[in-house]
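**Student:** Below you will find the structure I want to go over with you.
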Amino acid sequence: MPAPSPSSPAEASHRPPLVIVMGVSGSGKSTVGEGLAAAIGVPFADADDLHPAANVAKMSAGVPLDDADRWPWLARVGEELERADAAATGLVIACSALKRSYRDAIRAEAPSTFFLQLDGSPELLAARIGARAGHFMPPALLASQLATLEPLADDEAGATISIDDDPAGVVRSAVAAIAVAV
Ligand SMILES: Nc1ncnc2c1ncn2[C@@H]1O[C@H](COP(=O)(O)OP(=O)(O)OP(=O)(O)O)[C@@H](O)[C@H]1O
Ligand SMILES: O=C(O)[C@H](O)[C@@H](O)[C@H](O)[C@H](O)CO
């Protein structure tokens, strides 16, 4: 009898997972991504740190990024995942990855990437952003983030979890979603 075929590239190679924690500004990508990475024992990176300075200046000035601003940045995110894949270290990256086309481009670089979408109401997101201090992203950009978001589709490898819990609870949901899928 032939051996059952593996269900994912990660399973085929027994490599630690490549995960993008995605969602709009204020959804908790950095918070949950750090907690998830620590819990599953893989490195963490924040795509906020991979933006060209011009992108940070633009967002700080209250102007949403457009596709032309995002493509070079997404290429950097893809490179980080490719490197982690080649080194078999695993990686969790916090990255908004708002559009399907952005996620397709990342999957072209690192096909086994699992997308964990953080989902919350606009009211909850606004409250969390409003309470945050010392971040370049102005609260006024939340509306454009929500308008740009193309939620994860059923045919994309990933999971969506609610952020309507304390940080430890959301991290627990994230760990559970990864454990089931990867
Ligand atoms: N589950 C939670 N409960 C309460 N507060 C939270 C939770 N998750 C994150 N926060 C807080 O909400 C704010 C936004 O979280 P965080 O910075 O992680 O989001 P983000 O998606 O990385 O945002 P951005 O994309 O703008 O960088 C922070 O002040 C964070 O401490
Ligand atoms: O795609 C985008 O518009 C940007 O990546 C933003 O999402 C910011 O990086 C982030 O949300 C602010 O920290």
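For the structure tokens, the naming scheme is as follows: chains receive sequential letters (A, B, ...) according to their order of presentation, residues are indexed from 1 within each chain, and ligands are indexed from 1 in presentation order.
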For ligand 1, return the neighbouring residues as a ChimeraX atom specification (distance at most 8 Å; only C-alpha atoms and all ligand atoms).
**Tutor:** /A:22-33,48,94-96,125,128-129,131-133,135-137,163-170
**Student:** Please save N, CA and C atoms of the selected residues as a short mmCIF file (atom, residue, chain, number, x, y, z; two decimals), in the first residue's frame.
**Tutor:**
data_model
loop_
_atom_site.label_atom_id
_atom_site.label_comp_id
_atom_site.auth_asym_id
_atom_site.auth_seq_id
_atom_site.Cartn_x
_atom_site.Cartn_y
_atom_site.Cartn_z
N MET A 22 -1.28 38.27 10.51
CA MET A 22 -1.76 39.35 9.62
C MET A 22 -3.02 40.03 10.17
N GLY A 23 -3.30 41.20 9.61
CA GLY A 23 -4.49 41.95 10.00
C GLY A 23 -4.20 43.44 9.95
N VAL A 24 -5.23 44.20 10.21
CA VAL A 24 -5.10 45.66 10.11
C VAL A 24 -4.30 46.21 11.28
N SER A 25 -3.95 47.47 11.17
CA SER A 25 -3.24 48.16 12.24
C SER A 25 -4.02 48.05 13.55
N GLY A 26 -3.30 47.72 14.64
CA GLY A 26 -3.92 47.66 15.96
C GLY A 26 -4.58 46.33 16.28
N SER A 27 -4.52 45.38 15.35
CA SER A 27 -5.18 44.09 15.61
C SER A 27 -4.36 43.22 16.57
N GLY A 28 -3.12 43.62 16.82
CA GLY A 28 -2.31 42.87 17.79
C GLY A 28 -1.26 41.98 17.15
N LYS A 29 -0.89 42.28 15.92
CA LYS A 29 0.08 41.42 15.21
C LYS A 29 1.41 41.31 15.97
N SER A 30 1.93 42.45 16.43
CA SER A 30 3.22 42.42 17.12
C SER A 30 3.07 41.69 18.45
N THR A 31 2.03 42.01 19.19
CA THR A 31 1.81 41.42 20.51
C THR A 31 1.62 39.91 20.40
N VAL A 32 0.73 39.50 19.52
CA VAL A 32 0.40 38.08 19.39
C VAL A 32 1.54 37.32 18.70
N GLY A 33 2.16 37.99 17.70
CA GLY A 33 3.26 37.35 16.99
C GLY A 33 4.41 37.01 17.93
N ASP A 48 7.09 45.75 10.46
CA ASP A 48 7.23 47.19 10.65
C ASP A 48 8.69 47.62 10.55
N ALA A 94 5.09 39.40 11.99
CA ALA A 94 3.92 40.26 12.06
C ALA A 94 3.91 41.13 10.82
N CYS A 95 2.90 40.97 9.98
CA CYS A 95 2.84 41.73 8.71
C CYS A 95 1.37 41.84 8.30
N SER A 96 0.95 43.06 7.99
CA SER A 96 -0.48 43.29 7.70
C SER A 96 -1.02 42.41 6.57
N LEU A 125 -10.82 47.64 17.57
CA LEU A 125 -9.54 48.06 16.97
C LEU A 125 -9.26 49.52 17.29
N ARG A 128 -8.14 49.95 20.86
CA ARG A 128 -6.76 49.48 21.12
C ARG A 128 -5.74 50.46 20.55
N ILE A 129 -6.03 50.98 19.34
CA ILE A 129 -5.08 51.94 18.74
C ILE A 129 -5.09 53.23 19.55
N ALA A 131 -5.52 53.61 22.65
CA ALA A 131 -4.84 53.47 23.94
C ALA A 131 -3.33 53.27 23.79
N ARG A 132 -2.89 53.09 22.54
CA ARG A 132 -1.46 52.81 22.31
C ARG A 132 -0.67 54.12 22.20
N ALA A 133 0.50 54.14 22.82
CA ALA A 133 1.33 55.34 22.74
C ALA A 133 2.65 54.99 22.05
N HIS A 135 3.72 54.97 18.84
CA HIS A 135 3.80 54.20 17.59
C HIS A 135 3.57 55.15 16.42
N PHE A 136 4.29 54.89 15.30
CA PHE A 136 4.20 55.85 14.18
C PHE A 136 2.84 55.83 13.47
N MET A 137 2.06 54.77 13.66
CA MET A 137 0.83 54.63 12.87
C MET A 137 -0.30 55.44 13.51
N ILE A 163 -9.72 38.53 18.28
CA ILE A 163 -8.83 39.24 19.21
C ILE A 163 -9.59 39.72 20.44
N ASP A 164 -10.84 39.29 20.57
CA ASP A 164 -11.68 39.75 21.67
C ASP A 164 -11.39 38.94 22.94
N ASP A 165 -10.18 39.05 23.42
CA ASP A 165 -9.72 38.32 24.60
C ASP A 165 -8.47 39.04 25.09
N ASP A 166 -7.97 38.68 26.27
CA ASP A 166 -6.73 39.32 26.70
C ASP A 166 -5.56 38.77 25.88
N PRO A 167 -4.39 39.43 25.92
CA PRO A 167 -3.29 38.99 25.05
C PRO A 167 -2.94 37.51 25.24
N ALA A 168 -2.92 37.05 26.48
CA ALA A 168 -2.56 35.64 26.72
C ALA A 168 -3.58 34.70 26.07
N GLY A 169 -4.85 35.11 26.12
CA GLY A 169 -5.90 34.28 25.52
C GLY A 169 -5.79 34.24 24.01
N VAL A 170 -5.47 35.38 23.39
CA VAL A 170 -5.32 35.40 21.93
C VAL A 170 -4.11 34.56 21.52
#
**Student:** Would you give me, as a list in words, the residues in chain A that DSSP reads as strand (DSSP E or B)?
**Tutor:**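 Those residues are Leu18, Val19, Ile20, Val21, Met22, Phe44, Ala45, Asp46, Leu91, Val92, Ile93, Ala94, Phe114, Phe115, Leu116, Gln117, Leu118, Asp119, Gly158, Ala159, Thr160, Ile161 and Ser162 of chain A.
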**Student:** Go ahead and save the residues from that selection, with N, CA and C atoms, as a CSV table (one decimal), in the first residue's frame.
**Tutor:**
chain,number,residue,atom,x,y,z
A,18,LEU,N,6.5,28.4,9.2
A,18,LEU,CA,6.6,29.8,8.7
A,18,LEU,C,5.2,30.4,8.9
A,19,VAL,N,5.1,31.4,9.7
A,19,VAL,CA,3.7,32.0,10.0
A,19,VAL,C,3.8,33.5,9.8
A,20,ILE,N,2.8,34.0,9.1
A,20,ILE,CA,2.5,35.5,9.1
A,20,ILE,C,1.3,35.8,9.9
A,21,VAL,N,1.5,36.6,11.0
A,21,VAL,CA,0.4,37.0,11.8
A,21,VAL,C,-0.1,38.3,11.1
A,22,MET,N,-1.3,38.3,10.5
A,22,MET,CA,-1.8,39.4,9.6
A,22,MET,C,-3.0,40.0,10.2
A,44,PHE,N,11.1,35.5,16.0
A,44,PHE,CA,10.0,36.5,15.6
A,44,PHE,C,10.6,37.7,14.9
A,45,ALA,N,9.9,38.2,13.9
A,45,ALA,CA,10.3,39.4,13.2
A,45,ALA,C,9.1,40.3,13.0
A,46,ASP,N,9.3,41.6,13.0
A,46,ASP,CA,8.2,42.5,12.8
A,46,ASP,C,8.4,43.2,11.5
A,91,LEU,N,9.8,30.7,11.5
A,91,LEU,CA,9.7,32.1,11.7
A,91,LEU,C,8.3,32.6,11.8
A,92,VAL,N,8.1,33.5,12.8
A,92,VAL,CA,6.8,34.2,12.9
A,92,VAL,C,7.0,35.6,12.5
A,93,ILE,N,6.3,36.1,11.5
A,93,ILE,CA,6.4,37.6,11.1
A,93,ILE,C,5.1,38.2,11.3
A,94,ALA,N,5.1,39.4,12.0
A,94,ALA,CA,3.9,40.3,12.1
A,94,ALA,C,3.9,41.1,10.8
A,114,PHE,N,2.0,30.0,6.5
A,114,PHE,CA,0.6,29.9,7.1
A,114,PHE,C,0.2,31.3,7.5
A,115,PHE,N,-1.0,31.7,7.1
A,115,PHE,CA,-1.4,33.1,7.5
A,115,PHE,C,-2.4,33.0,8.6
A,116,LEU,N,-2.1,33.7,9.7
A,116,LEU,CA,-3.0,33.7,10.9
A,116,LEU,C,-3.6,35.1,11.0
A,117,GLN,N,-4.9,35.2,10.6
A,117,GLN,CA,-5.5,36.5,10.6
A,117,GLN,C,-6.1,36.8,11.9
A,118,LEU,N,-5.9,38.1,12.4
A,118,LEU,CA,-6.4,38.5,13.6
A,118,LEU,C,-7.7,39.4,13.3
A,119,ASP,N,-8.8,39.0,13.9
A,119,ASP,CA,-10.1,39.6,13.5
A,119,ASP,C,-10.7,40.2,14.7
A,158,GLY,N,-4.3,28.8,6.2
A,158,GLY,CA,-4.3,29.7,7.4
A,158,GLY,C,-5.5,29.6,8.3
A,159,ALA,N,-5.7,30.5,9.2
A,159,ALA,CA,-6.8,30.5,10.1
A,159,ALA,C,-7.1,31.9,10.6
A,160,THR,N,-8.3,32.1,11.0
A,160,THR,CA,-8.7,33.4,11.5
A,160,THR,C,-9.1,33.2,13.0
A,161,ILE,N,-8.5,34.1,13.8
A,161,ILE,CA,-8.9,34.0,15.3
A,161,ILE,C,-9.4,35.4,15.7
A,162,SER,N,-10.2,35.3,16.8
A,162,SER,CA,-10.8,36.6,17.3
A,162,SER,C,-9.7,37.2,18.3
**Student:** Just asking: which residues within chain A are helix (DSSP H, G or I) according to DSSP, as a ChimeraX atom specification?
**Tutor:** /A:9-13,29-40,47-50,53-60,67-87,100-109,122-131,139-148,167-181
**Student:** If we count only C-alpha atoms, what is near segment 57-66 of chain A at a cut-off of 10 Å, once residues fewer than 4 positions away on the same chain are taken out, given as a list in words?
**Tutor:**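 Neighbouring residues, sequence-local ones excluded: His51, Pro52, Ala53, Arg70, Trp71, His135, Phe136, Met137, Pro138, Pro139, Ala140, Leu141, Leu142, Ala143, Ser144, Gln145 and Thr148 of chain A.
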**Student:** Produce a file of the selected residues containing N, CA and C atoms, as a PDB file, in the first residue's frame.
**Tutor:**
ATOM      1  N   HIS A  51      10.093  48.167   6.752  1.00  0.00           N
ATOM      2  CA  HIS A  51       9.632  49.243   5.864  1.00  0.00           C
ATOM      3  C   HIS A  51      10.792  50.152   5.483  1.00  0.00           C
ATOM      4  N   PRO A  52      10.882  50.559   4.208  1.00  0.00           N
ATOM      5  CA  PRO A  52      11.787  51.657   3.861  1.00  0.00           C
ATOM      6  C   PRO A  52      11.401  52.909   4.656  1.00  0.00           C
ATOM      7  N   ALA A  53      12.377  53.750   4.939  1.00  0.00           N
ATOM      8  CA  ALA A  53      12.116  54.952   5.744  1.00  0.00           C
ATOM      9  C   ALA A  53      11.003  55.797   5.127  1.00  0.00           C
ATOM     10  N   ARG A  70       4.113  49.343  -1.108  1.00  0.00           N
ATOM     11  CA  ARG A  70       4.150  48.067  -0.365  1.00  0.00           C
ATOM     12  C   ARG A  70       4.956  46.984  -1.062  1.00  0.00           C
ATOM     13  N   TRP A  71       5.031  46.991  -2.416  1.00  0.00           N
ATOM     14  CA  TRP A  71       5.696  45.851  -3.076  1.00  0.00           C
ATOM     15  C   TRP A  71       7.138  45.626  -2.633  1.00  0.00           C
ATOM     16  N   HIS A 135       3.722  54.968  18.840  1.00  0.00           N
ATOM     17  CA  HIS A 135       3.797  54.201  17.590  1.00  0.00           C
ATOM     18  C   HIS A 135       3.569  55.148  16.425  1.00  0.00           C
ATOM     19  N   PHE A 136       4.292  54.887  15.297  1.00  0.00           N
ATOM     20  CA  PHE A 136       4.201  55.845  14.180  1.00  0.00           C
ATOM     21  C   PHE A 136       2.839  55.827  13.472  1.00  0.00           C
ATOM     22  N   MET A 137       2.064  54.770  13.657  1.00  0.00           N
ATOM     23  CA  MET A 137       0.826  54.627  12.873  1.00  0.00           C
ATOM     24  C   MET A 137      -0.299  55.444  13.506  1.00  0.00           C
ATOM     25  N   PRO A 138      -0.795  56.497  12.819  1.00  0.00           N
ATOM     26  CA  PRO A 138      -1.854  57.305  13.429  1.00  0.00           C
ATOM     27  C   PRO A 138      -3.205  56.574  13.412  1.00  0.00           C
ATOM     28  N   PRO A 139      -4.016  56.742  14.471  1.00  0.00           N
ATOM     29  CA  PRO A 139      -5.328  56.089  14.542  1.00  0.00           C
ATOM     30  C   PRO A 139      -6.190  56.357  13.312  1.00  0.00           C
ATOM     31  N   ALA A 140      -6.028  57.530  12.683  1.00  0.00           N
ATOM     32  CA  ALA A 140      -6.875  57.899  11.541  1.00  0.00           C
ATOM     33  C   ALA A 140      -6.678  56.969  10.352  1.00  0.00           C
ATOM     34  N   LEU A 141      -5.590  56.211  10.324  1.00  0.00           N
ATOM     35  CA  LEU A 141      -5.367  55.321   9.169  1.00  0.00           C
ATOM     36  C   LEU A 141      -6.117  53.995   9.294  1.00  0.00           C
ATOM     37  N   LEU A 142      -6.797  53.773  10.430  1.00  0.00           N
ATOM     38  CA  LEU A 142      -7.524  52.499  10.584  1.00  0.00           C
ATOM     39  C   LEU A 142      -8.589  52.327   9.497  1.00  0.00           C
ATOM     40  N   ALA A 143      -9.304  53.399   9.154  1.00  0.00           N
ATOM     41  CA  ALA A 143     -10.382  53.285   8.154  1.00  0.00           C
ATOM     42  C   ALA A 143      -9.832  52.788   6.822  1.00  0.00           C
ATOM     43  N   SER A 144      -8.688  53.316   6.412  1.00  0.00           N
ATOM     44  CA  SER A 144      -8.139  52.876   5.121  1.00  0.00           C
ATOM     45  C   SER A 144      -7.626  51.434   5.217  1.00  0.00           C
ATOM     46  N   GLN A 145      -7.099  51.061   6.392  1.00  0.00           N
ATOM     47  CA  GLN A 145      -6.662  49.670   6.576  1.00  0.00           C
ATOM     48  C   GLN A 145      -7.854  48.713   6.429  1.00  0.00           C
ATOM     49  N   THR A 148      -8.994  48.424   2.854  1.00  0.00           N
ATOM     50  CA  THR A 148      -8.042  47.695   1.996  1.00  0.00           C
ATOM     51  C   THR A 148      -8.060  46.193   2.281  1.00  0.00           C
TER      52      THR A 148
END
**Student:** Rounded to one decimal, what separation in Å do you get between atom 6 (C, counted along the ligand's line) of ligand 2 and atom CA of Val77 of chain A?
**Tutor:** 12.9 Å
**Student:** When distances are computed from only C-alpha atoms and all ligand atoms, which of A:Ile40, A:Ala181, A:Leu50, A:Ala126 shows the smallest separation from ligand 2?
**Tutor:**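 Of A:Ile40, A:Ala181, A:Leu50, A:Ala126, the one nearest ligand 2, counting only C-alpha atoms and all ligand atoms, is A:Leu50.
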**Student:** Pick from A:Leu124, A:Ala153, A:Ile178, A:Ala97: nearest to ligand 2, with only C-alpha atoms and all ligand atoms counted?
**Tutor:**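 Ranking A:Leu124, A:Ala153, A:Ile178, A:Ala97 by distance to ligand 2, first place goes to A:Ala97.
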**Student:** Using only C-alpha atoms and all ligand atoms, can you tell me which of A:Ala39, A:Glu150, A:Val180, A:Pro17 comes closest to ligand 2?
**Tutor:** A:Glu150
**Student:** With distances taken over only C-alpha atoms, which of A:Ala127, A:Ala47, A:Arg76, A:Ala157 is nearest to Thr113 of chain A?
**Tutor:**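 Nearest to Thr113 of chain A: A:Ala157.
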**Student:** Have a look at A:Val42, A:Glu109, A:Arg83, A:Tyr102 and name the one nearest to ligand 2; count only C-alpha atoms and all ligand atoms.
**Tutor:** A:Tyr102
**Student:** In Å, with one decimal, what is the gap from atom CA of Pro122 of chain A to atom CA of Ala174 of chain A?
**Tutor:**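 We find that atom CA of Pro122 of chain A and atom CA of Ala174 of chain A lie 20.5 Å from each other.
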**Student:** Using only C-alpha atoms and all ligand atoms for the distances, tell me which of A:Gly90, A:Pro43, A:Pro72, A:Gly35 is nearest to ligand 2.
**Tutor:**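 So, comparing all the options, the nearest one is A:Pro72.
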